[in-house]
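**Q** Following this message is one structure expressed as structure tokens.
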Amino acid sequence: MELSVKRKFNGDFNELPTGTLKKHPKSKKLTQEDDFNKQGFKVDAIALVLLVFLYALMCLRIKALAEFINIGTILSLVFLIVHEFCHSLVFYGKVNMYLGMGLIFVRGNEEMNRNRYIFMNLFPNILLGLIPYLIFMSNPSHVILGTFGLFSLVLGIDDYLNVYHALKLPKKAKIFMDKQYTYWYE
């Protein structure tokens, strides 16, 4: 894996990695919105439902209202860079990390099998979200770890949508990213 950090993403999707689509012109676009505002609204709505559900489980576990904003919440935001770095570890080739316009994301245009693509999307959410949250659930004295896990899980909502769409593909599907979209072929 070769990681290149791009200091600033200016919103121009033409600057994102491309080329793989030319090799596979009959590829199909993985279900994604062309209108990023519409996509953002859907993601925010799902994230809010997940946030309320996981927070309710925390409150039930400690039998009180959990501190909603604490150092764990702040750490989950700081760890967004680590989250994206975890995605990049699954790539074999060149990966670019983009920062800017309120976004942080990685893009690479190598082909992956479906299972590796699913793992790439879930890896940071398991490591930074699910494991800390489960540690809290088994020992509720770790409220900071619980809120860190809770917010890390919620911040991965785009990743879960990617997995949802990938699970609908044939098991032998190859998946790749080209500019702002993700494509697949058999």
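Going by the structure tokens order, chains are called A, B, ..., each with residues numbered from 1, while ligands are numbered from 1 in the order shown.
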So which residues of region 33-174 of chain A fall under alpha helix (DSSP H) by DSSP, listed as a ChimeraX atom specification?
**A** /A:36-62,71-78,80-88,114-125,131-138,143-155,157-167
**Q** Need to verify the contact set: region 11-17 of chain A, 8 Å, only C-alpha atoms, exclusion of same-chain residues closer than 4 positions in sequence. Can you return it as a PyMOL selection string?
**A** chain A and resi 101+107-109+177-180
**Q** List the spatial neighbours of Met1 (chain A) as a list in words - criterion: any atom at most 6 Å away, only C-alpha atoms, same-chain residues fewer than 3 positions off excluded.
**A**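 In the requested form, the answer reads Phe91, Tyr92, Gly93 and Lys94 of chain A.
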**Q** From the DSSP assignment of the backbone, select every residue of region 42-155 of chain A that is strand (DSSP E), and format the answer as JSON, numbers by chain.
**A** {"A": [94, 95, 96, 97, 98, 99, 100, 103, 104, 105, 106, 107, 112, 113]}
**Q** Which polymer residues have any atom within 9 Å of an atom of region 3-8 of chain A, counting only C-alpha atoms, with same-chain residues fewer than 2 positions away left out, as a ChimeraX atom specification?
**A** /A:1,10,85,88-89,93-101,106
**Q** What is the distance between CA of Phe105 (chain A) and CA of Phe9 (chain A), in Å to one decimal?
**A**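 Going from CA of Phe105 (chain A) over to CA of Phe9 (chain A), I get 9.5 Å.
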**Q** Have a look at A:Phe151, A:Phe119, A:Tyr55, A:Tyr133 and name the one nearest to Val163 (chain A); count only C-alpha atoms.
**A**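 For Val163 (chain A), the nearest of the candidates is A:Phe119.
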**Q** Between CA of Met112 (chain A) and CA of Leu169 (chain A), what is the distance, to one decimal in Å?
**A**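 About the pair CA of Met112 (chain A) and CA of Leu169 (chain A): they are 12.9 Å apart.
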**Q** For Leu155 (chain A), which residue out of A:His142, A:His83, A:Lys168, A:Arg116 is the nearest one, using only C-alpha atoms?
**A**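 Answer, going by the shortest atom-to-atom distance: A:His83.
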**Q** To one decimal place, how far is CA of His87 (chain A) from CA of Tyr117 (chain A) in Å?
**A** 9.7 Å
**Q** Please list as a PyMOL selection string every residue within 12 Å of Gly72 (chain A), counting only C-alpha atoms and excluding residues in the same chain fewer than 4 positions away.
**A** chain A and resi 66-68+76-79+128-129+132-133+136+142-152
**Q** List the spatial neighbours of Asp159 (chain A) as number ranges by chain - criterion: any atom at most 8 Å away, only C-alpha atoms, same-chain residues fewer than 3 positions off excluded.
**A** A: 121-122, 156, 162-163
**Q** With all heavy atoms kept, could you save the residues just selected as a CSV table (one decimal), in the first residue's frame?
**A**
chain,number,residue,atom,x,y,z
A,121,ASN,N,-14.5,-1.7,3.9
A,121,ASN,CA,-15.5,-0.8,4.5
A,121,ASN,C,-15.7,-1.0,5.9
A,121,ASN,O,-16.0,-0.1,6.7
A,121,ASN,CB,-16.8,-0.9,3.7
A,121,ASN,CG,-16.8,-0.1,2.4
A,121,ASN,OD1,-17.0,1.1,2.5
A,121,ASN,ND2,-16.5,-0.8,1.3
A,122,LEU,N,-15.7,-2.3,6.4
A,122,LEU,CA,-16.0,-2.6,7.8
A,122,LEU,C,-14.9,-2.5,8.8
A,122,LEU,O,-15.1,-2.3,10.0
A,122,LEU,CB,-16.7,-4.0,7.9
A,122,LEU,CG,-18.0,-4.1,7.3
A,122,LEU,CD1,-18.5,-5.6,7.4
A,122,LEU,CD2,-19.0,-3.1,7.9
A,156,GLY,N,-19.4,5.8,10.6
A,156,GLY,CA,-19.1,4.9,9.5
A,156,GLY,C,-20.3,4.6,8.7
A,156,GLY,O,-20.3,3.6,7.9
A,162,ASN,N,-22.3,1.2,1.7
A,162,ASN,CA,-21.4,0.5,0.7
A,162,ASN,C,-21.5,-1.0,0.8
A,162,ASN,O,-21.6,-1.7,-0.2
A,162,ASN,CB,-20.0,0.9,0.8
A,162,ASN,CG,-19.8,2.4,0.4
A,162,ASN,OD1,-20.6,3.0,-0.3
A,162,ASN,ND2,-18.7,2.9,0.9
A,163,VAL,N,-21.5,-1.5,2.1
A,163,VAL,CA,-21.6,-3.0,2.3
A,163,VAL,C,-22.9,-3.5,1.9
A,163,VAL,O,-23.0,-4.5,1.2
A,163,VAL,CB,-21.3,-3.3,3.8
A,163,VAL,CG1,-21.6,-4.7,4.1
A,163,VAL,CG2,-19.8,-3.0,4.1
**Q** Do a neighbour search on Phe53 (chain A) at 12 Å with only C-alpha atoms, toss out local chain neighbours closer than 6 positions, and write the hits as an MDAnalysis selection string.
**A** chainID A and resid 46:47 59:60 150:151 153:154
**Q** How about saving the chosen residues, N, CA, C and O atoms kept, as a PDB file, in the first residue's frame?
**A**
ATOM      1  N   ILE A  46     -30.236   8.043   8.529  1.00  0.00           N
ATOM      2  CA  ILE A  46     -29.883   6.709   9.030  1.00  0.00           C
ATOM      3  C   ILE A  46     -28.941   6.825  10.226  1.00  0.00           C
ATOM      4  O   ILE A  46     -29.086   6.118  11.216  1.00  0.00           O
ATOM      5  N   ALA A  47     -27.986   7.748  10.147  1.00  0.00           N
ATOM      6  CA  ALA A  47     -27.032   7.942  11.243  1.00  0.00           C
ATOM      7  C   ALA A  47     -27.746   8.378  12.520  1.00  0.00           C
ATOM      8  O   ALA A  47     -27.412   7.916  13.610  1.00  0.00           O
ATOM      9  N   CYS A  59     -27.583   3.762  27.733  1.00  0.00           N
ATOM     10  CA  CYS A  59     -28.340   4.207  28.911  1.00  0.00           C
ATOM     11  C   CYS A  59     -28.962   3.024  29.649  1.00  0.00           C
ATOM     12  O   CYS A  59     -28.953   2.983  30.884  1.00  0.00           O
ATOM     13  N   LEU A  60     -29.475   2.064  28.911  1.00  0.00           N
ATOM     14  CA  LEU A  60     -30.024   0.862  29.541  1.00  0.00           C
ATOM     15  C   LEU A  60     -28.947   0.081  30.270  1.00  0.00           C
ATOM     16  O   LEU A  60     -29.183  -0.479  31.342  1.00  0.00           O
ATOM     17  N   LEU A 150     -19.481   4.448  20.190  1.00  0.00           N
ATOM     18  CA  LEU A 150     -20.786   4.843  19.671  1.00  0.00           C
ATOM     19  C   LEU A 150     -20.639   5.810  18.503  1.00  0.00           C
ATOM     20  O   LEU A 150     -21.189   5.589  17.428  1.00  0.00           O
ATOM     21  N   PHE A 151     -19.886   6.882  18.707  1.00  0.00           N
ATOM     22  CA  PHE A 151     -19.750   7.876  17.640  1.00  0.00           C
ATOM     23  C   PHE A 151     -18.916   7.338  16.477  1.00  0.00           C
ATOM     24  O   PHE A 151     -19.177   7.686  15.323  1.00  0.00           O
ATOM     25  N   LEU A 153     -18.955   4.263  15.442  1.00  0.00           N
ATOM     26  CA  LEU A 153     -19.888   3.423  14.683  1.00  0.00           C
ATOM     27  C   LEU A 153     -20.817   4.271  13.821  1.00  0.00           C
ATOM     28  O   LEU A 153     -21.067   3.956  12.660  1.00  0.00           O
ATOM     29  N   VAL A 154     -21.314   5.354  14.381  1.00  0.00           N
ATOM     30  CA  VAL A 154     -22.241   6.210  13.635  1.00  0.00           C
ATOM     31  C   VAL A 154     -21.522   6.920  12.485  1.00  0.00           C
ATOM     32  O   VAL A 154     -22.078   7.068  11.396  1.00  0.00           O
TER      33      VAL A 154
END
**Q** Pick the closest to Ile175 (chain A) from A:Met58, A:Tyr160, A:Lys29, A:Lys42: which is it, counting only C-alpha atoms?
**A** A:Lys29
